[in-house]
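Report on the following structure.
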Amino acid sequence: MTSLEQQLRDEGFGVTYVWQDGPGAVYPDHTHPTVTAHIILEGEMTLTCQGKTQTVKQGERLDVPANTVHSARMGPSGCRYLIGEK
């Protein structure tokens, strides 16, 4: 387990995994039943949540509250990120 995974576990995120999307991949508006943490390992992701759009890059983190509508678009190099769910 990496130190980032351990950090999420210590914060109560019971599920952690790494996900990767290709350049320009898009996730339209959707929700998750859990709080989700996204820690960017490579590339970047632009996330729109609660009327705010934010681009997160390598080393940065963004959390999305449970049952909150959000959408995401991956950067020109794609994105590889660690997800935590609680």
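Naming works like this for the structure tokens: A, B, ... for the chains as they're shown, residue 1 at the start of each chain, ligands 1 onward in shown order.
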
| request: Give the alpha helix (DSSP H) residues of chain A, as assigned by DSSP on the backbone, as a ChimeraX atom specification. | output: /A:3-10

File dump, residues just selected, C-alpha atoms, as an mmCIF file, in the first residue's frame:
data_model
loop_
_atom_site.group_PDB
_atom_site.id
_atom_site.type_symbol
_atom_site.label_atom_id
_atom_site.label_comp_id
_atom_site.auth_asym_id
_atom_site.auth_seq_id
_atom_site.Cartn_x
_atom_site.Cartn_y
_atom_site.Cartn_z
ATOM 1 C CA SER A 3 1.568 6.311 1.501
ATOM 2 C CA LEU A 4 -1.285 8.042 -0.361
ATOM 3 C CA GLU A 5 -3.461 4.944 -0.051
ATOM 4 C CA GLN A 6 -2.585 4.746 3.636
ATOM 5 C CA GLN A 7 -3.475 8.413 4.065
ATOM 6 C CA LEU A 8 -6.923 7.784 2.576
ATOM 7 C CA ARG A 9 -7.402 4.660 4.733
ATOM 8 C CA ASP A 10 -6.446 6.686 7.812
#

Those in segment 1-83 of chain A with strand (DSSP E) from DSSP, as a PDB file with N, CA and C atoms, in the first residue's frame:
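Writing the result to states.pdb gives the following:
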ATOM      1  N   VAL A  15     -12.314   1.928   0.693  1.00  0.00           N
ATOM      2  CA  VAL A  15     -11.999   1.401  -0.638  1.00  0.00           C
ATOM      3  C   VAL A  15     -11.055   2.390  -1.315  1.00  0.00           C
ATOM      4  N   THR A  16      -9.940   1.894  -1.840  1.00  0.00           N
ATOM      5  CA  THR A  16      -9.026   2.719  -2.631  1.00  0.00           C
ATOM      6  C   THR A  16      -8.595   1.933  -3.855  1.00  0.00           C
ATOM      7  N   TYR A  17      -8.434   2.624  -4.978  1.00  0.00           N
ATOM      8  CA  TYR A  17      -7.953   1.984  -6.200  1.00  0.00           C
ATOM      9  C   TYR A  17      -7.454   3.045  -7.163  1.00  0.00           C
ATOM     10  N   VAL A  18      -6.614   2.632  -8.091  1.00  0.00           N
ATOM     11  CA  VAL A  18      -6.084   3.528  -9.116  1.00  0.00           C
ATOM     12  C   VAL A  18      -6.903   3.341 -10.389  1.00  0.00           C
ATOM     13  N   TRP A  19      -7.248   4.458 -11.025  1.00  0.00           N
ATOM     14  CA  TRP A  19      -8.017   4.450 -12.268  1.00  0.00           C
ATOM     15  C   TRP A  19      -7.283   5.292 -13.287  1.00  0.00           C
ATOM     16  N   GLN A  20      -7.457   4.972 -14.554  1.00  0.00           N
ATOM     17  CA  GLN A  20      -6.801   5.737 -15.607  1.00  0.00           C
ATOM     18  C   GLN A  20      -7.760   5.946 -16.759  1.00  0.00           C
ATOM     19  N   ASP A  21      -7.752   7.169 -17.302  1.00  0.00           N
ATOM     20  CA  ASP A  21      -8.576   7.520 -18.456  1.00  0.00           C
ATOM     21  C   ASP A  21      -7.692   8.137 -19.523  1.00  0.00           C
ATOM     22  N   VAL A  26     -14.484  11.864 -21.089  1.00  0.00           N
ATOM     23  CA  VAL A  26     -15.506  12.678 -20.433  1.00  0.00           C
ATOM     24  C   VAL A  26     -16.458  11.790 -19.644  1.00  0.00           C
ATOM     25  N   TYR A  27     -16.774  12.235 -18.440  1.00  0.00           N
ATOM     26  CA  TYR A  27     -17.832  11.631 -17.640  1.00  0.00           C
ATOM     27  C   TYR A  27     -18.912  12.696 -17.474  1.00  0.00           C
ATOM     28  N   PRO A  28     -20.072  12.519 -18.126  1.00  0.00           N
ATOM     29  CA  PRO A  28     -21.137  13.516 -17.976  1.00  0.00           C
ATOM     30  C   PRO A  28     -21.699  13.515 -16.552  1.00  0.00           C
ATOM     31  N   ASP A  29     -22.597  14.441 -16.282  1.00  0.00           N
ATOM     32  CA  ASP A  29     -23.184  14.559 -14.941  1.00  0.00           C
ATOM     33  C   ASP A  29     -23.588  13.197 -14.385  1.00  0.00           C
ATOM     34  N   HIS A  30     -23.141  12.940 -13.152  1.00  0.00           N
ATOM     35  CA  HIS A  30     -23.464  11.689 -12.460  1.00  0.00           C
ATOM     36  C   HIS A  30     -23.247  11.893 -10.967  1.00  0.00           C
ATOM     37  N   THR A  36     -16.119  10.625  -2.535  1.00  0.00           N
ATOM     38  CA  THR A  36     -14.993  10.140  -3.329  1.00  0.00           C
ATOM     39  C   THR A  36     -13.857  11.160  -3.283  1.00  0.00           C
ATOM     40  N   ALA A  37     -12.661  10.654  -3.032  1.00  0.00           N
ATOM     41  CA  ALA A  37     -11.444  11.463  -3.080  1.00  0.00           C
ATOM     42  C   ALA A  37     -10.710  11.113  -4.366  1.00  0.00           C
ATOM     43  N   HIS A  38     -10.184  12.109  -5.049  1.00  0.00           N
ATOM     44  CA  HIS A  38      -9.421  11.912  -6.280  1.00  0.00           C
ATOM     45  C   HIS A  38      -8.053  12.553  -6.082  1.00  0.00           C
ATOM     46  N   ILE A  39      -7.000  11.752  -6.070  1.00  0.00           N
ATOM     47  CA  ILE A  39      -5.642  12.266  -5.971  1.00  0.00           C
ATOM     48  C   ILE A  39      -4.968  12.006  -7.318  1.00  0.00           C
ATOM     49  N   ILE A  40      -4.557  13.066  -7.986  1.00  0.00           N
ATOM     50  CA  ILE A  40      -4.009  12.940  -9.338  1.00  0.00           C
ATOM     51  C   ILE A  40      -2.564  12.444  -9.264  1.00  0.00           C
ATOM     52  N   LEU A  41      -2.313  11.324  -9.942  1.00  0.00           N
ATOM     53  CA  LEU A  41      -0.980  10.726  -9.984  1.00  0.00           C
ATOM     54  C   LEU A  41      -0.214  11.156 -11.230  1.00  0.00           C
ATOM     55  N   GLU A  42      -0.930  11.289 -12.349  1.00  0.00           N
ATOM     56  CA  GLU A  42      -0.345  11.738 -13.620  1.00  0.00           C
ATOM     57  C   GLU A  42      -1.430  12.440 -14.416  1.00  0.00           C
ATOM     58  N   GLY A  43      -1.067  13.460 -15.186  1.00  0.00           N
ATOM     59  CA  GLY A  43      -2.010  14.163 -16.034  1.00  0.00           C
ATOM     60  C   GLY A  43      -2.849  15.157 -15.254  1.00  0.00           C
ATOM     61  N   GLU A  44      -4.063  15.397 -15.767  1.00  0.00           N
ATOM     62  CA  GLU A  44      -4.964  16.334 -15.109  1.00  0.00           C
ATOM     63  C   GLU A  44      -6.420  16.005 -15.406  1.00  0.00           C
ATOM     64  N   MET A  45      -7.286  16.514 -14.539  1.00  0.00           N
ATOM     65  CA  MET A  45      -8.730  16.315 -14.639  1.00  0.00           C
ATOM     66  C   MET A  45      -9.403  17.647 -14.330  1.00  0.00           C
ATOM     67  N   THR A  46     -10.406  17.986 -15.132  1.00  0.00           N
ATOM     68  CA  THR A  46     -11.221  19.160 -14.847  1.00  0.00           C
ATOM     69  C   THR A  46     -12.569  18.665 -14.368  1.00  0.00           C
ATOM     70  N   LEU A  47     -12.918  19.037 -13.158  1.00  0.00           N
ATOM     71  CA  LEU A  47     -14.135  18.548 -12.517  1.00  0.00           C
ATOM     72  C   LEU A  47     -15.081  19.715 -12.273  1.00  0.00           C
ATOM     73  N   THR A  48     -16.343  19.527 -12.624  1.00  0.00           N
ATOM     74  CA  THR A  48     -17.371  20.517 -12.329  1.00  0.00           C
ATOM     75  C   THR A  48     -18.299  19.928 -11.280  1.00  0.00           C
ATOM     76  N   CYS A  49     -18.419  20.646 -10.153  1.00  0.00           N
ATOM     77  CA  CYS A  49     -19.183  20.159  -9.015  1.00  0.00           C
ATOM     78  C   CYS A  49     -19.776  21.360  -8.284  1.00  0.00           C
ATOM     79  N   LYS A  52     -19.025  24.833  -9.604  1.00  0.00           N
ATOM     80  CA  LYS A  52     -17.631  25.273  -9.644  1.00  0.00           C
ATOM     81  C   LYS A  52     -16.823  24.315 -10.505  1.00  0.00           C
ATOM     82  N   THR A  53     -16.026  24.873 -11.424  1.00  0.00           N
ATOM     83  CA  THR A  53     -15.151  24.065 -12.267  1.00  0.00           C
ATOM     84  C   THR A  53     -13.717  24.272 -11.814  1.00  0.00           C
ATOM     85  N   GLN A  54     -13.021  23.154 -11.619  1.00  0.00           N
ATOM     86  CA  GLN A  54     -11.650  23.209 -11.102  1.00  0.00           C
ATOM     87  C   GLN A  54     -10.805  22.173 -11.818  1.00  0.00           C
ATOM     88  N   THR A  55      -9.606  22.565 -12.234  1.00  0.00           N
ATOM     89  CA  THR A  55      -8.659  21.627 -12.830  1.00  0.00           C
ATOM     90  C   THR A  55      -7.661  21.210 -11.758  1.00  0.00           C
ATOM     91  N   VAL A  56      -7.526  19.895 -11.580  1.00  0.00           N
ATOM     92  CA  VAL A  56      -6.575  19.355 -10.612  1.00  0.00           C
ATOM     93  C   VAL A  56      -5.482  18.620 -11.376  1.00  0.00           C
ATOM     94  N   LYS A  57      -4.242  18.847 -10.951  1.00  0.00           N
ATOM     95  CA  LYS A  57      -3.074  18.299 -11.636  1.00  0.00           C
ATOM     96  C   LYS A  57      -2.296  17.379 -10.705  1.00  0.00           C
ATOM     97  N   ARG A  61      -5.433  17.124  -4.976  1.00  0.00           N
ATOM     98  CA  ARG A  61      -6.559  16.289  -4.544  1.00  0.00           C
ATOM     99  C   ARG A  61      -7.853  17.087  -4.597  1.00  0.00           C
ATOM    100  N   LEU A  62      -8.933  16.377  -4.939  1.00  0.00           N
ATOM    101  CA  LEU A  62     -10.265  16.957  -4.923  1.00  0.00           C
ATOM    102  C   LEU A  62     -11.241  15.909  -4.416  1.00  0.00           C
ATOM    103  N   ASP A  63     -12.057  16.266  -3.436  1.00  0.00           N
ATOM    104  CA  ASP A  63     -13.071  15.358  -2.894  1.00  0.00           C
ATOM    105  C   ASP A  63     -14.453  15.790  -3.372  1.00  0.00           C
ATOM    106  N   VAL A  64     -15.316  14.808  -3.621  1.00  0.00           N
ATOM    107  CA  VAL A  64     -16.689  15.073  -4.035  1.00  0.00           C
ATOM    108  C   VAL A  64     -17.631  14.462  -2.993  1.00  0.00           C
ATOM    109  N   HIS A  70     -21.861  15.766 -10.436  1.00  0.00           N
ATOM    110  CA  HIS A  70     -20.594  16.303 -10.918  1.00  0.00           C
ATOM    111  C   HIS A  70     -20.272  15.688 -12.282  1.00  0.00           C
ATOM    112  N   SER A  71     -19.367  16.342 -13.004  1.00  0.00           N
ATOM    113  CA  SER A  71     -18.891  15.835 -14.292  1.00  0.00           C
ATOM    114  C   SER A  71     -17.385  16.029 -14.345  1.00  0.00           C
ATOM    115  N   ALA A  72     -16.733  15.294 -15.245  1.00  0.00           N
ATOM    116  CA  ALA A  72     -15.275  15.381 -15.335  1.00  0.00           C
ATOM    117  C   ALA A  72     -14.825  15.239 -16.780  1.00  0.00           C
ATOM    118  N   ARG A  73     -13.720  15.930 -17.078  1.00  0.00           N
ATOM    119  CA  ARG A  73     -13.064  15.820 -18.382  1.00  0.00           C
ATOM    120  C   ARG A  73     -11.568  15.675 -18.127  1.00  0.00           C
ATOM    121  N   MET A  74     -10.962  14.687 -18.776  1.00  0.00           N
ATOM    122  CA  MET A  74      -9.540  14.456 -18.601  1.00  0.00           C
ATOM    123  C   MET A  74      -8.745  15.388 -19.505  1.00  0.00           C
ATOM    124  N   GLY A  75      -7.518  15.676 -19.111  1.00  0.00           N
ATOM    125  CA  GLY A  75      -6.654  16.567 -19.863  1.00  0.00           C
ATOM    126  C   GLY A  75      -6.120  15.943 -21.143  1.00  0.00           C
ATOM    127  N   PRO A  76      -5.306  16.712 -21.885  1.00  0.00           N
ATOM    128  CA  PRO A  76      -4.802  16.253 -23.189  1.00  0.00           C
ATOM    129  C   PRO A  76      -3.869  15.048 -23.113  1.00  0.00           C
ATOM    130  N   SER A  77      -3.335  14.771 -21.932  1.00  0.00           N
ATOM    131  CA  SER A  77      -2.472  13.595 -21.760  1.00  0.00           C
ATOM    132  C   SER A  77      -3.186  12.475 -21.014  1.00  0.00           C
ATOM    133  N   GLY A  78      -4.492  12.653 -20.773  1.00  0.00           N
ATOM    134  CA  GLY A  78      -5.222  11.679 -19.981  1.00  0.00           C
ATOM    135  C   GLY A  78      -4.994  11.932 -18.504  1.00  0.00           C
ATOM    136  N   CYS A  79      -5.386  10.974 -17.688  1.00  0.00           N
ATOM    137  CA  CYS A  79      -5.262  11.145 -16.247  1.00  0.00           C
ATOM    138  C   CYS A  79      -5.223   9.783 -15.565  1.00  0.00           C
ATOM    139  N   ARG A  80      -4.304   9.652 -14.629  1.00  0.00           N
ATOM    140  CA  ARG A  80      -4.205   8.471 -13.777  1.00  0.00           C
ATOM    141  C   ARG A  80      -4.363   8.974 -12.360  1.00  0.00           C
ATOM    142  N   TYR A  81      -5.293   8.383 -11.603  1.00  0.00           N
ATOM    143  CA  TYR A  81      -5.607   8.924 -10.285  1.00  0.00           C
ATOM    144  C   TYR A  81      -5.989   7.846  -9.296  1.00  0.00           C
ATOM    145  N   LEU A  82      -5.709   8.159  -8.039  1.00  0.00           N
ATOM    146  CA  LEU A  82      -6.073   7.308  -6.923  1.00  0.00           C
ATOM    147  C   LEU A  82      -7.427   7.755  -6.420  1.00  0.00           C
ATOM    148  N   ILE A  83      -8.345   6.813  -6.284  1.00  0.00           N
ATOM    149  CA  ILE A  83      -9.694   7.108  -5.794  1.00  0.00           C
ATOM    150  C   ILE A  83      -9.862   6.469  -4.426  1.00  0.00           C
TER     151      ILE A  83
END

With distances taken over only C-alpha atoms, the candidate from A:Gly59, A:Ala66, A:Gly84, A:Gly51 nearest His32 of chain A is A:Ala66

Would you compute the distance between atom CA of Glu11 of chain A and atom CA of Lys86 of chain A? Give it in Å to one decimal.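 Result for atom CA of Glu11 of chain A versus atom CA of Lys86 of chain A: 9.1 Å, one decimal.
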
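Reported to one decimal place, the separation of atom CA of Val35 of chain A from atom CA of Glu60 of chain A is 16.9 Å.
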